[in-house]
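Colleague: Here it is: the structure, laid out below.
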Amino acid sequence: MSLLLQALFGRLPIGWLQLTHNRTRFAAALAGVAFANVLVFVQLGIMNSMATATLKPYGFFQADIMISASDANSMTEGSNVARQWMYQAMADPDVVAGTGLFVATVTWQRTDKALGLTTYGIDPTQPIFLSPEMATRAATLQLPNSGILDRFTRGLPRDETAAIRPQSPLSFEANNITLTLYDTFAGGGGFGGDGFMMVSDQTFLQQFPARSSGAPDHILLQVAAGADPDVVAARLRDLVSDKSLRIRSYAQAAAEDLSYQQTKRPTGIIFGFGVVIGVLVGIVIVYQVLSTDVADHLSEYATFKAIGYGQGFFLSVVFEQALVLGMLGFVPGLAVASLLLWAMASATTLPLAMTAGMAVTVFIGTVVACSLSGAIATRRLVAADPADLF
Amino acid sequence: MTEDVPVKVNGLNHWFGKGEARKQALFDVNLKVAGGSLTVLVGPSGSGKTTLLTLAGCLRDVQHGSIRLLGQELNGAHSDLQRALRRRLGFIFQAHNLHGSLTALQNVLMGLQVHGRSDPVLQAKAARHILTLLGLGDRMDYLPDNLSGGQKQRVAVARALVGNPDIVFADEPTAALDRESGATVVQMLKRLGQVRGTTTVMVTHDNRILELADRIVTLEDGRIVNDTAP
Ligand SMILES: Nc1ncnc2c1ncn2[C@@H]1O[C@H](COP(=O)(O)OP(=O)(O)OP(=O)(O)O)[C@@H](O)[C@H]1O
Ligand SMILES: [Mg+2]
């Protein structure tokens, strides 16, 4: 480490020698930085898990354009859309296929507890609107009152879901109708329900007699190969007579849903706030560590200043320390945070996980925060006469 | 390059503190130090010796009057000029001011590396050489905490001299040294003056040094009251 830093900075690794001089203090500083890292990682993990959970259902389907009601901020919210708009949209030469998507919560009353399943009803004879994983399982949906279940549903024993196969289906009663599960797919806990279920539009309407086949929750469209969904969506906004409808490319709908969850919903705002607090506390810890170190060595720095070293030298020492603390504090921070996120994920089935993007962001953020803190801490040196600091 | 008059002080006044507590430490000080000479500042405690030394050594901003150091005016000098001048000086402080996390050798290297990147092998050789001259050949890799007061002071001397300064400013450099090492240090400074033309300005109470001085300047209450060449 010492030799590496020496080669990197072309001088004695003062920062490293200074930090490691007092082992106990160094360990405490590393623990502080690691703790700050853990804090930010966990908050980011929670924030990310919400993004993953929000976007999850969009991955069940394949579409280029989605038409929703004006008040439909997410997949599961808002009024219906009349199916006639689908037919109107399909008049556009670039729209090649359309289907209705129904969403509601089906409650599975088990002996111990009630599970809320976010249930999607879709036409199983049009598998082009399903993800490859769903499409391979869509055939069983054509059986009346059948469904396929999210095998990561919260509150269901894993061995019970693992046993669900076409040859060994599982039945349960919901809304006074027996539903039979023939297969499972990889969903994964969200913040809204305990799990997901996929059924045919017919089964859905059996479950919810008040709903009508003429008014799905969303309309999914596919455009011709080579057509730009955003361009077609813009054209449809002109074409479709109901101007209050939200006609967006599927990707944009997902992005707007996410931004709605993160900036308009209380949970999203709280999670975002958690990240901000985590970052602030992290910066305070890191600043404390580095400014204490600078303050402790002020008279030694003053001597260096008297010898003729300039501000650039002190900044490079502080940057060296930032790198050392950032790197060595990061490793245990990453390890502890990964473990914590893993434990939290097991306990909640939320998609909490360490991602490479998080790791890189937090590492760079730590080094930047360390450098800035150190740079601020050396400011006292700039103005002072060296003779006053001895 | 050696100036004829590397230090030229003219009408220098200096104050400490602000408002009510403001107190004048130097009164109209005028002084010209000849190149290659050993000038000693003496005077009672609180007479302003350290203040004058730090002002002339570019460690304190000049408030009033003029100091020309190596041909450059210090009053109002920009920090870049201050830094460039400091690199041509060697300081030996009353308190040794070694960096506690660096070994003796590393502390001395800091006096060399200020001049920029150069061959680390040559740097280490020069640093070892001067430490050996000062009798610290077997203490190179010790941290300051494991050195005696006199040894630390000699490391500080080595750090000040290793970069071949044009002027050495020393504030009671032999106070912490025993008789023998004190004499070694002063003789080194004296010889540097003769061989390289290095100018030395030193505050001291040490009678042994007074004998070697080219000039003795006496300060009292912030004024020069006596100036003799023994
Ligand atoms: N940083 C300072 N702040 C305020 N007053 C100071 C400061 N440094 C010195 N003084 C005052 O200036 C005057 C001259 O001090 P200076 O340190 O130059 O004396 P000195 O001759 O070096 O004394 P000594 O022999 O004790 O080292 C003293 O009255 C001292 O109290
Ligand atoms: Mg003094």
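By convention in this document, the chains of the structure tokens carry letters A, B, ... by their order, each chain's residues are numbered from 1, and ligands are numbered from 1 in the order they are shown.
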9 Å from ligand 1 is the threshold here; counting only C-alpha atoms and all ligand atoms, which polymer residues fall inside it? Answer as a ChimeraX atom specification.

Modeller: /A:387-389 /B:14-17,21-26,41-54,94,171-172,203-205,219-222

Colleague: How would the residues just picked look written out with C-alpha atoms as a JSON list (two decimals), in the first residue's frame?

Modeller:
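Result saved to part.json:
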[["chain", "number", "residue", "atom", "x", "y", "z"],
["A", 387, "ALA", "CA", 4.79, 30.96, 12.52],
["A", 388, "ASP", "CA", 1.37, 31.20, 14.16],
["A", 389, "LEU", "CA", 0.66, 27.50, 13.85],
["B", 14, "HIS", "CA", 5.34, 44.72, 14.06],
["B", 15, "TRP", "CA", 2.30, 44.36, 16.27],
["B", 16, "PHE", "CA", 0.52, 41.39, 17.81],
["B", 17, "GLY", "CA", -3.12, 41.21, 18.76],
["B", 21, "ALA", "CA", -4.77, 43.92, 23.29],
["B", 22, "ARG", "CA", -2.71, 45.22, 20.39],
["B", 23, "LYS", "CA", 0.92, 45.36, 21.41],
["B", 24, "GLN", "CA", 3.96, 46.45, 19.47],
["B", 25, "ALA", "CA", 6.74, 43.83, 19.41],
["B", 26, "LEU", "CA", 9.24, 45.49, 17.03],
["B", 41, "LEU", "CA", 20.54, 37.73, 17.64],
["B", 42, "VAL", "CA", 20.63, 38.03, 21.41],
["B", 43, "GLY", "CA", 18.48, 39.75, 23.97],
["B", 44, "PRO", "CA", 16.25, 39.07, 26.94],
["B", 45, "SER", "CA", 13.15, 36.97, 26.70],
["B", 46, "GLY", "CA", 10.31, 38.78, 24.98],
["B", 47, "SER", "CA", 12.63, 41.24, 23.26],
["B", 48, "GLY", "CA", 11.38, 40.26, 19.80],
["B", 49, "LYS", "CA", 14.12, 37.93, 18.54],
["B", 50, "THR", "CA", 11.79, 35.20, 17.32],
["B", 51, "THR", "CA", 9.43, 37.77, 15.85],
["B", 52, "LEU", "CA", 12.25, 39.32, 13.82],
["B", 53, "LEU", "CA", 13.53, 35.92, 12.74],
["B", 54, "THR", "CA", 10.13, 34.67, 11.54],
["B", 94, "GLN", "CA", 13.16, 26.18, 18.82],
["B", 171, "ASP", "CA", 15.97, 29.84, 16.70],
["B", 172, "GLU", "CA", 18.04, 28.53, 19.60],
["B", 203, "VAL", "CA", 18.95, 33.37, 17.90],
["B", 204, "THR", "CA", 20.97, 31.98, 20.77],
["B", 205, "HIS", "CA", 22.02, 32.43, 24.37],
["B", 219, "LEU", "CA", 17.51, 43.39, 20.86],
["B", 220, "GLU", "CA", 15.75, 44.91, 23.82],
["B", 221, "ASP", "CA", 12.04, 45.67, 23.99],
["B", 222, "GLY", "CA", 11.72, 45.34, 20.24]]

Colleague: Please identify all residues of chain A having at least one atom at most 8 Å from any atom of chain B, considering only C-alpha atoms, and return them as an MDAnalysis selection string.

Modeller: chainID A and resid 10:12 14 17:18 21 299:300 303:310 385:388 390

Colleague: Let's have the selection written as an mmCIF file, in the first residue's frame, with C-alpha atoms.

Modeller:
data_model
loop_
_atom_site.group_PDB
_atom_site.id
_atom_site.type_symbol
_atom_site.label_atom_id
_atom_site.label_comp_id
_atom_site.auth_asym_id
_atom_site.auth_seq_id
_atom_site.Cartn_x
_atom_site.Cartn_y
_atom_site.Cartn_z
ATOM 1 C CA GLY A 10 5.715 10.660 -6.413
ATOM 2 C CA ARG A 11 6.525 11.516 -2.811
ATOM 3 C CA LEU A 12 6.528 9.942 0.615
ATOM 4 C CA ILE A 14 2.578 11.103 4.231
ATOM 5 C CA LEU A 17 1.954 7.079 7.300
ATOM 6 C CA GLN A 18 -0.048 9.651 9.225
ATOM 7 C CA HIS A 21 0.708 5.891 12.822
ATOM 8 C CA SER A 299 1.780 22.197 13.505
ATOM 9 C CA GLU A 300 3.460 19.548 11.367
ATOM 10 C CA THR A 303 6.376 23.174 9.346
ATOM 11 C CA PHE A 304 5.925 21.827 5.837
ATOM 12 C CA LYS A 305 4.476 25.147 4.814
ATOM 13 C CA ALA A 306 7.516 26.884 6.317
ATOM 14 C CA ILE A 307 9.797 24.615 4.307
ATOM 15 C CA GLY A 308 8.039 25.752 1.144
ATOM 16 C CA TYR A 309 5.226 23.255 0.528
ATOM 17 C CA GLY A 310 2.109 24.813 -0.969
ATOM 18 C CA ASP A 385 1.230 32.412 8.827
ATOM 19 C CA PRO A 386 3.226 29.263 9.487
ATOM 20 C CA ALA A 387 4.789 30.963 12.520
ATOM 21 C CA ASP A 388 1.367 31.203 14.158
ATOM 22 C CA PHE A 390 3.726 25.949 15.466
#

Colleague: Tell me which protein, DNA and RNA residues are within 7 Å of stretch 256-273 of chain A, counting only C-alpha atoms, leaving out same-chain ones fewer than 2 positions away, and put them as a VMD selection string.

Modeller: chain A and resid 43 46 to 47 51 54 73 to 74 252 to 254 275 to 277

Colleague: Go ahead and save the residues from that selection, with N, CA, C and O atoms, as a short mmCIF file (atom, residue, chain, number, x, y, z; two decimals), in the first residue's frame.

Modeller:
data_model
loop_
_atom_site.label_atom_id
_atom_site.label_comp_id
_atom_site.auth_asym_id
_atom_site.auth_seq_id
_atom_site.Cartn_x
_atom_site.Cartn_y
_atom_site.Cartn_z
N GLN A 43 -29.85 2.27 2.62
CA GLN A 43 -30.88 3.19 2.14
C GLN A 43 -31.03 3.09 0.63
O GLN A 43 -32.15 3.08 0.11
N ILE A 46 -32.87 -0.10 -0.30
CA ILE A 46 -34.32 -0.01 -0.11
C ILE A 46 -34.93 0.79 -1.27
O ILE A 46 -35.93 0.39 -1.87
N MET A 47 -34.26 1.89 -1.58
CA MET A 47 -34.73 2.75 -2.68
C MET A 47 -34.75 1.97 -4.00
O MET A 47 -35.71 2.00 -4.75
N ALA A 51 -37.69 0.52 -6.88
CA ALA A 51 -37.65 0.65 -8.33
C ALA A 51 -37.83 -0.72 -8.98
O ALA A 51 -38.63 -0.89 -9.91
N THR A 54 -41.39 -1.81 -8.57
CA THR A 54 -42.32 -1.05 -9.40
C THR A 54 -42.27 -1.53 -10.85
O THR A 54 -43.30 -1.65 -11.52
N ASN A 73 -51.79 6.30 -12.50
CA ASN A 73 -50.38 6.63 -12.32
C ASN A 73 -49.50 5.39 -12.31
O ASN A 73 -48.31 5.48 -12.49
N SER A 74 -50.13 4.24 -12.03
CA SER A 74 -49.34 3.02 -12.03
C SER A 74 -50.19 1.91 -12.61
O SER A 74 -51.36 2.10 -12.94
N GLN A 252 -42.02 4.43 -21.58
CA GLN A 252 -42.26 5.70 -20.91
C GLN A 252 -43.26 5.52 -19.77
O GLN A 252 -43.12 6.13 -18.70
N ALA A 253 -44.26 4.68 -19.99
CA ALA A 253 -45.23 4.42 -18.94
C ALA A 253 -44.54 3.86 -17.71
O ALA A 253 -44.82 4.28 -16.57
N ALA A 254 -43.60 2.92 -17.94
CA ALA A 254 -42.87 2.33 -16.81
C ALA A 254 -42.06 3.40 -16.11
O ALA A 254 -42.05 3.50 -14.87
N VAL A 275 -32.13 8.03 1.92
CA VAL A 275 -30.84 8.09 1.22
C VAL A 275 -30.15 9.41 1.52
O VAL A 275 -28.96 9.46 1.85
N VAL A 276 -30.92 10.51 1.47
CA VAL A 276 -30.33 11.83 1.74
C VAL A 276 -29.74 11.88 3.16
O VAL A 276 -28.61 12.30 3.37
N ILE A 277 -30.53 11.38 4.14
CA ILE A 277 -30.04 11.37 5.52
C ILE A 277 -28.79 10.50 5.62
O ILE A 277 -27.79 10.89 6.24
#

Colleague: Looking only at strand (DSSP E or B) from DSSP on the backbone, list the matching residues of stretch 21-83 of chain B as a ChimeraX atom specification.

Modeller: /B:23-33,38-42,64-69,72-73

Colleague: For A:Gln88, find every residue with an atom within 8 Å (counting only C-alpha atoms), except residues of its own chain fewer than 4 positions away, and show them as a PyMOL selection string.

Modeller: chain A and resi 84+92+239-240

Colleague: Take the residues from that selection and write them out as a short mmCIF file (atom, residue, chain, number, x, y, z; two decimals), in the first residue's frame, keeping N, CA and C atoms.

Modeller:
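The resulting file, part-v3.cif, is reproduced below:
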data_model
loop_
_atom_site.label_atom_id
_atom_site.label_comp_id
_atom_site.auth_asym_id
_atom_site.auth_seq_id
_atom_site.Cartn_x
_atom_site.Cartn_y
_atom_site.Cartn_z
N GLN A 84 -63.13 0.49 -26.98
CA GLN A 84 -63.29 1.07 -28.32
C GLN A 84 -62.07 1.89 -28.73
N ASP A 92 -54.54 2.83 -36.98
CA ASP A 92 -53.25 3.36 -37.43
C ASP A 92 -52.49 2.23 -38.11
N LEU A 239 -55.08 10.92 -32.88
CA LEU A 239 -56.10 10.10 -33.53
C LEU A 239 -57.26 9.76 -32.60
N VAL A 240 -56.90 9.30 -31.35
CA VAL A 240 -57.95 8.81 -30.45
C VAL A 240 -58.77 9.98 -29.92
#

Colleague: Using only C-alpha atoms, which residues sit within 12 Å of B:Gly135 once same-chain residues fewer than 2 positions away are excluded, as a list of chain:residue names?

Modeller: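 Near neighbours after the sequence-gap exclusion: B:Arg128, B:His129, B:Ile130, B:Leu131, B:Thr132, B:Leu133, B:Gly137, B:Asp138, B:Arg139, B:Met140, B:Gly150, B:Gln151, B:Lys152, B:Gln153, B:Arg154, B:Val155, B:Val157, B:Ala158, B:Glu180, B:Ser181, B:Gly182, B:Thr184, B:Val185.
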
Colleague: Take the residues that were just selected and, keeping N, CA and C atoms, output them as an mmCIF file, in the first residue's frame.

Modeller:
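Below is the file part.cif, written as the result:
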data_model
loop_
_atom_site.group_PDB
_atom_site.id
_atom_site.type_symbol
_atom_site.label_atom_id
_atom_site.label_comp_id
_atom_site.auth_asym_id
_atom_site.auth_seq_id
_atom_site.Cartn_x
_atom_site.Cartn_y
_atom_site.Cartn_z
ATOM 1 N N ARG B 128 20.828 10.369 3.954
ATOM 2 C CA ARG B 128 21.621 9.500 4.832
ATOM 3 C C ARG B 128 22.960 10.139 5.166
ATOM 4 N N HIS B 129 23.535 10.770 4.141
ATOM 5 C CA HIS B 129 24.842 11.379 4.329
ATOM 6 C C HIS B 129 24.796 12.439 5.434
ATOM 7 N N ILE B 130 23.813 13.329 5.347
ATOM 8 C CA ILE B 130 23.792 14.430 6.315
ATOM 9 C C ILE B 130 23.435 13.921 7.712
ATOM 10 N N LEU B 131 22.552 12.896 7.781
ATOM 11 C CA LEU B 131 22.221 12.331 9.092
ATOM 12 C C LEU B 131 23.461 11.693 9.714
ATOM 13 N N THR B 132 24.276 11.042 8.873
ATOM 14 C CA THR B 132 25.494 10.424 9.380
ATOM 15 C C THR B 132 26.462 11.493 9.896
ATOM 16 N N LEU B 133 26.576 12.584 9.129
ATOM 17 C CA LEU B 133 27.445 13.685 9.569
ATOM 18 C C LEU B 133 27.041 14.191 10.945
ATOM 19 N N GLY B 137 23.685 8.165 12.201
ATOM 20 C CA GLY B 137 23.765 7.060 11.240
ATOM 21 C C GLY B 137 22.971 5.835 11.668
ATOM 22 N N ASP B 138 22.852 5.614 12.976
ATOM 23 C CA ASP B 138 22.163 4.400 13.437
ATOM 24 C C ASP B 138 20.741 4.698 13.899
ATOM 25 N N ARG B 139 20.244 5.893 13.582
ATOM 26 C CA ARG B 139 18.894 6.242 14.043
ATOM 27 C C ARG B 139 17.969 6.615 12.873
ATOM 28 N N MET B 140 18.430 6.362 11.651
ATOM 29 C CA MET B 140 17.707 6.812 10.454
ATOM 30 C C MET B 140 16.235 6.407 10.443
ATOM 31 N N GLY B 150 17.808 15.819 21.958
ATOM 32 C CA GLY B 150 18.958 16.256 21.174
ATOM 33 C C GLY B 150 18.983 15.607 19.799
ATOM 34 N N GLN B 151 18.620 14.320 19.743
ATOM 35 C CA GLN B 151 18.599 13.617 18.450
ATOM 36 C C GLN B 151 17.540 14.217 17.530
ATOM 37 N N LYS B 152 16.387 14.529 18.105
ATOM 38 C CA LYS B 152 15.326 15.138 17.291
ATOM 39 C C LYS B 152 15.804 16.468 16.722
ATOM 40 N N GLN B 153 16.449 17.248 17.579
ATOM 41 C CA GLN B 153 16.916 18.553 17.131
ATOM 42 C C GLN B 153 17.918 18.382 15.984
ATOM 43 N N ARG B 154 18.741 17.359 16.050
ATOM 44 C CA ARG B 154 19.724 17.156 14.983
ATOM 45 C C ARG B 154 19.034 16.712 13.681
ATOM 46 N N VAL B 155 17.940 15.946 13.818
ATOM 47 C CA VAL B 155 17.178 15.592 12.613
ATOM 48 C C VAL B 155 16.622 16.866 11.969
ATOM 49 N N VAL B 157 17.883 19.797 12.155
ATOM 50 C CA VAL B 157 19.007 20.485 11.534
ATOM 51 C C VAL B 157 19.298 19.850 10.161
ATOM 52 N N ALA B 158 19.308 18.533 10.141
ATOM 53 C CA ALA B 158 19.576 17.840 8.878
ATOM 54 C C ALA B 158 18.518 18.203 7.840
ATOM 55 N N GLU B 180 28.711 18.684 22.846
ATOM 56 C CA GLU B 180 29.421 18.216 21.661
ATOM 57 C C GLU B 180 28.588 18.377 20.393
ATOM 58 N N SER B 181 27.317 17.930 20.428
ATOM 59 C CA SER B 181 26.524 18.049 19.199
ATOM 60 C C SER B 181 26.193 19.492 18.890
ATOM 61 N N GLY B 182 26.078 20.318 19.941
ATOM 62 C CA GLY B 182 25.880 21.748 19.717
ATOM 63 C C GLY B 182 27.037 22.317 18.924
ATOM 64 N N THR B 184 29.063 20.658 16.960
ATOM 65 C CA THR B 184 29.030 20.086 15.611
ATOM 66 C C THR B 184 28.110 20.902 14.709
ATOM 67 N N VAL B 185 26.920 21.211 15.234
ATOM 68 C CA VAL B 185 25.939 21.933 14.431
ATOM 69 C C VAL B 185 26.468 23.312 14.056
#

Colleague: Would you kindly return, as a PyMOL selection string, each protein, DNA or RNA residue with an atom no farther than 8 Å from any atom of A:Val103, considering only C-alpha atoms and excluding same-chain residues fewer than 6 positions away?

Modeller: chain A and resi 75-76+118-121+217

Colleague: If we count only C-alpha atoms and set the cut-off at 8 Å, which residues sit around stretch 197-202 of chain B, ignoring sequence neighbours fewer than 4 positions away in its own chain? Please answer as an mmCIF file with N, CA, C and O atoms, in the first residue's frame.

Modeller:
data_model
loop_
_atom_site.group_PDB
_atom_site.id
_atom_site.type_symbol
_atom_site.label_atom_id
_atom_site.label_comp_id
_atom_site.auth_asym_id
_atom_site.auth_seq_id
_atom_site.Cartn_x
_atom_site.Cartn_y
_atom_site.Cartn_z
ATOM 1 N N THR B 2 24.622 33.844 -4.463
ATOM 2 C CA THR B 2 24.615 34.485 -3.163
ATOM 3 C C THR B 2 24.477 35.985 -3.343
ATOM 4 O O THR B 2 25.190 36.607 -4.129
ATOM 5 N N PRO B 6 21.796 39.398 1.569
ATOM 6 C CA PRO B 6 20.605 38.543 1.388
ATOM 7 C C PRO B 6 19.425 38.951 2.267
ATOM 8 O O PRO B 6 18.290 38.642 1.922
ATOM 9 N N ALA B 34 25.179 40.453 5.956
ATOM 10 C CA ALA B 34 26.104 40.202 4.854
ATOM 11 C C ALA B 34 26.057 38.742 4.410
ATOM 12 O O ALA B 34 25.886 37.842 5.243
ATOM 13 N N GLY B 35 26.196 38.509 3.116
ATOM 14 C CA GLY B 35 26.166 37.150 2.575
ATOM 15 C C GLY B 35 27.292 36.306 3.158
ATOM 16 O O GLY B 35 28.409 36.776 3.337
ATOM 17 N N GLY B 36 26.985 35.049 3.479
ATOM 18 C CA GLY B 36 27.997 34.125 3.969
ATOM 19 C C GLY B 36 28.380 34.333 5.424
ATOM 20 O O GLY B 36 29.259 33.655 5.942
ATOM 21 N N SER B 37 27.712 35.257 6.101
ATOM 22 C CA SER B 37 28.095 35.541 7.491
ATOM 23 C C SER B 37 27.271 34.726 8.478
ATOM 24 O O SER B 37 26.229 34.180 8.130
ATOM 25 N N LEU B 38 27.750 34.685 9.714
ATOM 26 C CA LEU B 38 26.984 34.092 10.814
ATOM 27 C C LEU B 38 26.594 35.223 11.755
ATOM 28 O O LEU B 38 27.439 35.789 12.448
ATOM 29 N N THR B 39 25.314 35.590 11.706
ATOM 30 C CA THR B 39 24.815 36.680 12.538
ATOM 31 C C THR B 39 24.014 36.097 13.685
ATOM 32 O O THR B 39 23.187 35.210 13.471
ATOM 33 N N VAL B 40 24.283 36.593 14.886
ATOM 34 C CA VAL B 40 23.585 36.071 16.053
ATOM 35 C C VAL B 40 22.716 37.166 16.645
ATOM 36 O O VAL B 40 23.143 38.319 16.755
ATOM 37 N N LEU B 41 21.454 36.802 16.966
ATOM 38 C CA LEU B 41 20.544 37.728 17.643
ATOM 39 C C LEU B 41 20.499 37.342 19.110
ATOM 40 O O LEU B 41 20.253 36.177 19.431
ATOM 41 N N LEU B 53 13.043 37.061 13.512
ATOM 42 C CA LEU B 53 13.526 35.920 12.735
ATOM 43 C C LEU B 53 12.427 35.363 11.821
ATOM 44 O O LEU B 53 12.661 35.061 10.645
ATOM 45 N N PRO B 165 20.326 25.292 1.488
ATOM 46 C CA PRO B 165 19.647 26.587 1.494
ATOM 47 C C PRO B 165 20.635 27.738 1.304
ATOM 48 O O PRO B 165 21.818 27.599 1.597
ATOM 49 N N ASP B 166 20.117 28.867 0.818
ATOM 50 C CA ASP B 166 20.935 30.078 0.701
ATOM 51 C C ASP B 166 21.091 30.752 2.060
ATOM 52 O O ASP B 166 22.114 31.355 2.348
ATOM 53 N N ILE B 167 20.023 30.701 2.839
ATOM 54 C CA ILE B 167 20.071 31.292 4.178
ATOM 55 C C ILE B 167 19.512 30.272 5.168
ATOM 56 O O ILE B 167 18.527 29.591 4.871
ATOM 57 N N VAL B 168 20.145 30.178 6.333
ATOM 58 C CA VAL B 168 19.602 29.348 7.398
ATOM 59 C C VAL B 168 19.136 30.272 8.510
ATOM 60 O O VAL B 168 19.883 31.153 8.943
ATOM 61 N N PHE B 169 17.864 30.087 8.924
ATOM 62 C CA PHE B 169 17.352 30.800 10.083
ATOM 63 C C PHE B 169 17.222 29.796 11.210
ATOM 64 O O PHE B 169 16.608 28.739 11.032
ATOM 65 N N ALA B 170 17.810 30.122 12.353
ATOM 66 C CA ALA B 170 17.790 29.157 13.450
ATOM 67 C C ALA B 170 17.400 29.864 14.728
ATOM 68 O O ALA B 170 17.918 30.935 15.044
ATOM 69 N N ASP B 171 16.436 29.263 15.432
ATOM 70 C CA ASP B 171 15.970 29.842 16.696
ATOM 71 C C ASP B 171 16.416 28.916 17.823
ATOM 72 O O ASP B 171 15.828 27.859 18.037
ATOM 73 N N GLU B 172 17.452 29.316 18.511
ATOM 74 C CA GLU B 172 18.038 28.526 19.600
ATOM 75 C C GLU B 172 18.217 27.064 19.204
ATOM 76 O O GLU B 172 17.681 26.173 19.856
ATOM 77 N N PRO B 173 18.975 26.804 18.152
ATOM 78 C CA PRO B 173 19.074 25.440 17.635
ATOM 79 C C PRO B 173 19.851 24.520 18.559
ATOM 80 O O PRO B 173 19.707 23.306 18.471
ATOM 81 N N LEU B 189 27.390 24.882 10.326
ATOM 82 C CA LEU B 189 26.820 26.114 9.775
ATOM 83 C C LEU B 189 27.937 27.078 9.380
ATOM 84 O O LEU B 189 27.898 27.704 8.323
ATOM 85 N N LEU B 192 29.568 25.813 6.239
ATOM 86 C CA LEU B 192 28.703 26.055 5.071
ATOM 87 C C LEU B 192 28.853 27.485 4.600
ATOM 88 O O LEU B 192 28.843 27.772 3.407
ATOM 89 N N GLY B 193 28.998 28.408 5.556
ATOM 90 C CA GLY B 193 29.182 29.814 5.219
ATOM 91 C C GLY B 193 30.473 30.016 4.447
ATOM 92 O O GLY B 193 30.498 30.713 3.430
#
